[in-house]
Amino acid sequence: MSTTNALQVGLECLRSRDVDGAIRHLEQATNDAPDDYRGYNLLGAAYAQKNLHDRAVSALLTAVYLKPDVASSHFNLGLAYQADGVHEKAIEELERALQLDPNYTKASDALTRIRSSNQEAEDLSLQSCGRHVDEPAVALCSFCRLPICEGCKTLVHNAVYCPNCARQVSAEP
């Protein structure tokens, strides 16, 4: 399969949510054309969808190194850093994406979300859990916004909930 075909098939796999297929084809594309940033950009996005954040960051750093003036590579790298909990680098990459393309709405929205969550985290450090007043809050419930401690924090579909809301969300079809 040619590099262009592997890249195109990988992109189609991503669009159809076949992330494993996308990774397989995009890894082939980057092996066949190690100087083509597009394969690394898409491969990084695919790795991120599988929560393989270290691999995503590595692939996206390569994309940015190969072609530093592509806003989408900086955007994807910013999202990968955010998912990996490296917020300062996420902010830097999203700001760079906006420098390259000031009309990049997705980058602007992501930057606003990260800055907002950073402010929430600072505000949380001053709060206690809504259910256990002797425990510090580590998160806000994604639904009711109740401050919750580590013991109350429940992850459902990649979102954090208090125990009550987690039961409701889990029960939904």
# chains A, B, ... in the order shown; residues from 1 in each chain; ligands from 1
>>> select_by_dssp(residues="range 3-107 of chain A", states="alpha helix (DSSP H)", output="PyMOL selection string")
chain A and resi 3-15+19-32+37-49+53-66+71-83+87-100+105-107
>>> residues_around(residues="Thr105 in chain A", least_positions_apart="4", cutoff="12 Å", atoms="only C-alpha atoms", output="VMD selection string")
chain A and resid 71 to 72 75 94 to 95 97 to 98 101 109 to 112
>>> write_last_selection(atoms="C-alpha atoms", output="compact mmCIF listing (two decimals), in the first residue's frame")
# COMPACT_ATOMS: atom_id res chain seq x y z
CA ALA A 71 -2.21 25.07 13.54
CA SER A 72 -3.98 21.69 13.74
CA PHE A 75 -4.11 22.12 18.55
CA LEU A 94 -3.26 26.10 21.98
CA GLU A 95 -1.97 29.68 22.05
CA ALA A 97 -2.37 27.28 17.22
CA LEU A 98 -4.24 30.58 17.62
CA ASP A 101 -4.77 30.76 12.83
CA ASP A 109 -12.77 27.07 22.88
CA ALA A 110 -10.28 24.51 24.23
CA LEU A 111 -8.07 27.28 25.62
CA THR A 112 -11.07 28.83 27.38
>>> residues_around(residues="range 21-32 of chain A", least_positions_apart="4", cutoff="10 Å", atoms="only C-alpha atoms", output="PDB file with N, CA and C atoms, in the first residue's frame")
ATOM      1  N   MET A   1       0.861  -1.178   0.000  1.00  0.00           N
ATOM      2  CA  MET A   1       0.000   0.000   0.000  1.00  0.00           C
ATOM      3  C   MET A   1       0.905   1.239   0.000  1.00  0.00           C
ATOM      4  N   SER A   2       0.604   2.201  -0.837  1.00  0.00           N
ATOM      5  CA  SER A   2       1.422   3.415  -0.904  1.00  0.00           C
ATOM      6  C   SER A   2       1.184   4.276   0.339  1.00  0.00           C
ATOM      7  N   THR A   3       2.122   5.204   0.579  1.00  0.00           N
ATOM      8  CA  THR A   3       2.013   6.109   1.728  1.00  0.00           C
ATOM      9  C   THR A   3       0.729   6.908   1.664  1.00  0.00           C
ATOM     10  N   THR A   4       0.418   7.436   0.475  1.00  0.00           N
ATOM     11  CA  THR A   4      -0.799   8.234   0.317  1.00  0.00           C
ATOM     12  C   THR A   4      -2.021   7.389   0.623  1.00  0.00           C
ATOM     13  N   ASN A   5      -2.030   6.146   0.152  1.00  0.00           N
ATOM     14  CA  ASN A   5      -3.164   5.260   0.428  1.00  0.00           C
ATOM     15  C   ASN A   5      -3.274   4.957   1.918  1.00  0.00           C
ATOM     16  N   ALA A   6      -2.143   4.645   2.561  1.00  0.00           N
ATOM     17  CA  ALA A   6      -2.166   4.342   3.998  1.00  0.00           C
ATOM     18  C   ALA A   6      -2.656   5.548   4.787  1.00  0.00           C
ATOM     19  N   LEU A   7      -2.223   6.739   4.388  1.00  0.00           N
ATOM     20  CA  LEU A   7      -2.662   7.963   5.048  1.00  0.00           C
ATOM     21  C   LEU A   7      -4.159   8.172   4.846  1.00  0.00           C
ATOM     22  N   GLN A   8      -4.625   7.990   3.623  1.00  0.00           N
ATOM     23  CA  GLN A   8      -6.043   8.173   3.306  1.00  0.00           C
ATOM     24  C   GLN A   8      -6.913   7.138   4.017  1.00  0.00           C
ATOM     25  N   VAL A   9      -6.479   5.884   4.011  1.00  0.00           N
ATOM     26  CA  VAL A   9      -7.242   4.840   4.697  1.00  0.00           C
ATOM     27  C   VAL A   9      -7.255   5.112   6.202  1.00  0.00           C
ATOM     28  N   GLY A  10      -6.120   5.545   6.746  1.00  0.00           N
ATOM     29  CA  GLY A  10      -6.069   5.888   8.170  1.00  0.00           C
ATOM     30  C   GLY A  10      -7.033   7.002   8.519  1.00  0.00           C
ATOM     31  N   LEU A  11      -7.088   8.022   7.661  1.00  0.00           N
ATOM     32  CA  LEU A  11      -8.024   9.126   7.873  1.00  0.00           C
ATOM     33  C   LEU A  11      -9.465   8.639   7.805  1.00  0.00           C
ATOM     34  N   GLU A  12      -9.767   7.797   6.830  1.00  0.00           N
ATOM     35  CA  GLU A  12     -11.134   7.252   6.714  1.00  0.00           C
ATOM     36  C   GLU A  12     -11.491   6.399   7.933  1.00  0.00           C
ATOM     37  N   CYS A  13     -10.528   5.635   8.423  1.00  0.00           N
ATOM     38  CA  CYS A  13     -10.767   4.844   9.636  1.00  0.00           C
ATOM     39  C   CYS A  13     -11.076   5.761  10.821  1.00  0.00           C
ATOM     40  N   LEU A  14     -10.324   6.852  10.944  1.00  0.00           N
ATOM     41  CA  LEU A  14     -10.596   7.813  12.024  1.00  0.00           C
ATOM     42  C   LEU A  14     -12.001   8.380  11.903  1.00  0.00           C
ATOM     43  N   ARG A  15     -12.366   8.763  10.696  1.00  0.00           N
ATOM     44  CA  ARG A  15     -13.698   9.346  10.479  1.00  0.00           C
ATOM     45  C   ARG A  15     -14.818   8.358  10.791  1.00  0.00           C
ATOM     46  N   SER A  16     -14.563   7.073  10.555  1.00  0.00           N
ATOM     47  CA  SER A  16     -15.586   6.061  10.830  1.00  0.00           C
ATOM     48  C   SER A  16     -15.448   5.470  12.234  1.00  0.00           C
ATOM     49  N   ARG A  17     -14.566   6.069  13.035  1.00  0.00           N
ATOM     50  CA  ARG A  17     -14.346   5.691  14.440  1.00  0.00           C
ATOM     51  C   ARG A  17     -13.719   4.312  14.622  1.00  0.00           C
ATOM     52  N   ASP A  36       6.755  13.151   6.506  1.00  0.00           N
ATOM     53  CA  ASP A  36       5.441  13.730   6.220  1.00  0.00           C
ATOM     54  C   ASP A  36       4.709  13.975   7.543  1.00  0.00           C
ATOM     55  N   TYR A  37       4.560  15.235   7.903  1.00  0.00           N
ATOM     56  CA  TYR A  37       3.944  15.598   9.186  1.00  0.00           C
ATOM     57  C   TYR A  37       2.509  15.101   9.299  1.00  0.00           C
ATOM     58  N   ARG A  38       1.808  14.986   8.168  1.00  0.00           N
ATOM     59  CA  ARG A  38       0.373  14.641   8.205  1.00  0.00           C
ATOM     60  C   ARG A  38       0.122  13.298   8.888  1.00  0.00           C
ATOM     61  N   GLY A  39       0.960  12.325   8.597  1.00  0.00           N
ATOM     62  CA  GLY A  39       0.786  11.017   9.228  1.00  0.00           C
ATOM     63  C   GLY A  39       0.939  11.092  10.738  1.00  0.00           C
ATOM     64  N   TYR A  40       1.921  11.849  11.202  1.00  0.00           N
ATOM     65  CA  TYR A  40       2.148  11.987  12.644  1.00  0.00           C
ATOM     66  C   TYR A  40       1.017  12.773  13.314  1.00  0.00           C
ATOM     67  N   ASN A  41       0.504  13.778  12.628  1.00  0.00           N
ATOM     68  CA  ASN A  41      -0.595  14.570  13.175  1.00  0.00           C
ATOM     69  C   ASN A  41      -1.829  13.685  13.376  1.00  0.00           C
ATOM     70  N   LEU A  42      -2.174  12.919  12.343  1.00  0.00           N
ATOM     71  CA  LEU A  42      -3.335  12.036  12.444  1.00  0.00           C
ATOM     72  C   LEU A  42      -3.094  10.887  13.412  1.00  0.00           C
ATOM     73  N   LEU A  43      -1.870  10.349  13.407  1.00  0.00           N
ATOM     74  CA  LEU A  43      -1.540   9.255  14.326  1.00  0.00           C
ATOM     75  C   LEU A  43      -1.640   9.734  15.775  1.00  0.00           C
ATOM     76  N   GLY A  44      -1.165  10.942  16.038  1.00  0.00           N
ATOM     77  CA  GLY A  44      -1.284  11.497  17.390  1.00  0.00           C
ATOM     78  C   GLY A  44      -2.732  11.635  17.819  1.00  0.00           C
ATOM     79  N   ALA A  45      -3.580  12.091  16.897  1.00  0.00           N
ATOM     80  CA  ALA A  45      -5.011  12.211  17.211  1.00  0.00           C
ATOM     81  C   ALA A  45      -5.617  10.836  17.490  1.00  0.00           C
ATOM     82  N   ALA A  46      -5.210   9.828  16.720  1.00  0.00           N
ATOM     83  CA  ALA A  46      -5.730   8.469  16.935  1.00  0.00           C
ATOM     84  C   ALA A  46      -5.272   7.913  18.279  1.00  0.00           C
ATOM     85  N   TYR A  47      -3.984   8.084  18.583  1.00  0.00           N
ATOM     86  CA  TYR A  47      -3.491   7.625  19.888  1.00  0.00           C
ATOM     87  C   TYR A  47      -4.255   8.310  21.023  1.00  0.00           C
ATOM     88  N   LYS A  50      -7.443   6.748  21.901  1.00  0.00           N
ATOM     89  CA  LYS A  50      -7.284   5.488  22.643  1.00  0.00           C
ATOM     90  C   LYS A  50      -6.696   5.721  24.036  1.00  0.00           C
ATOM     91  N   ALA A  59       4.026  11.508  18.867  1.00  0.00           N
ATOM     92  CA  ALA A  59       3.698  11.634  17.442  1.00  0.00           C
ATOM     93  C   ALA A  59       3.446  13.094  17.076  1.00  0.00           C
TER      94      ALA A  59
END
>>> closest_residue(among="A:Gln99, A:Thr62, A:Asn158, A:His132", to="Gln49 in chain A", atoms="only C-alpha atoms")
A:Asn158
>>> atom_distance(atom1="CA of Pro163 in chain A", atom2="CA of Glu135 in chain A")
15.4 Å
>>> select_by_dssp(residues="chain A", states="strand (DSSP E or B)", output="list of chain:residue names")
A:Ser128, A:Pro136, A:Ala139, A:Leu140, A:Pro147, A:Ile148, A:Thr154, A:Leu155, A:Val156, A:Ala159, A:Val160, A:Tyr161
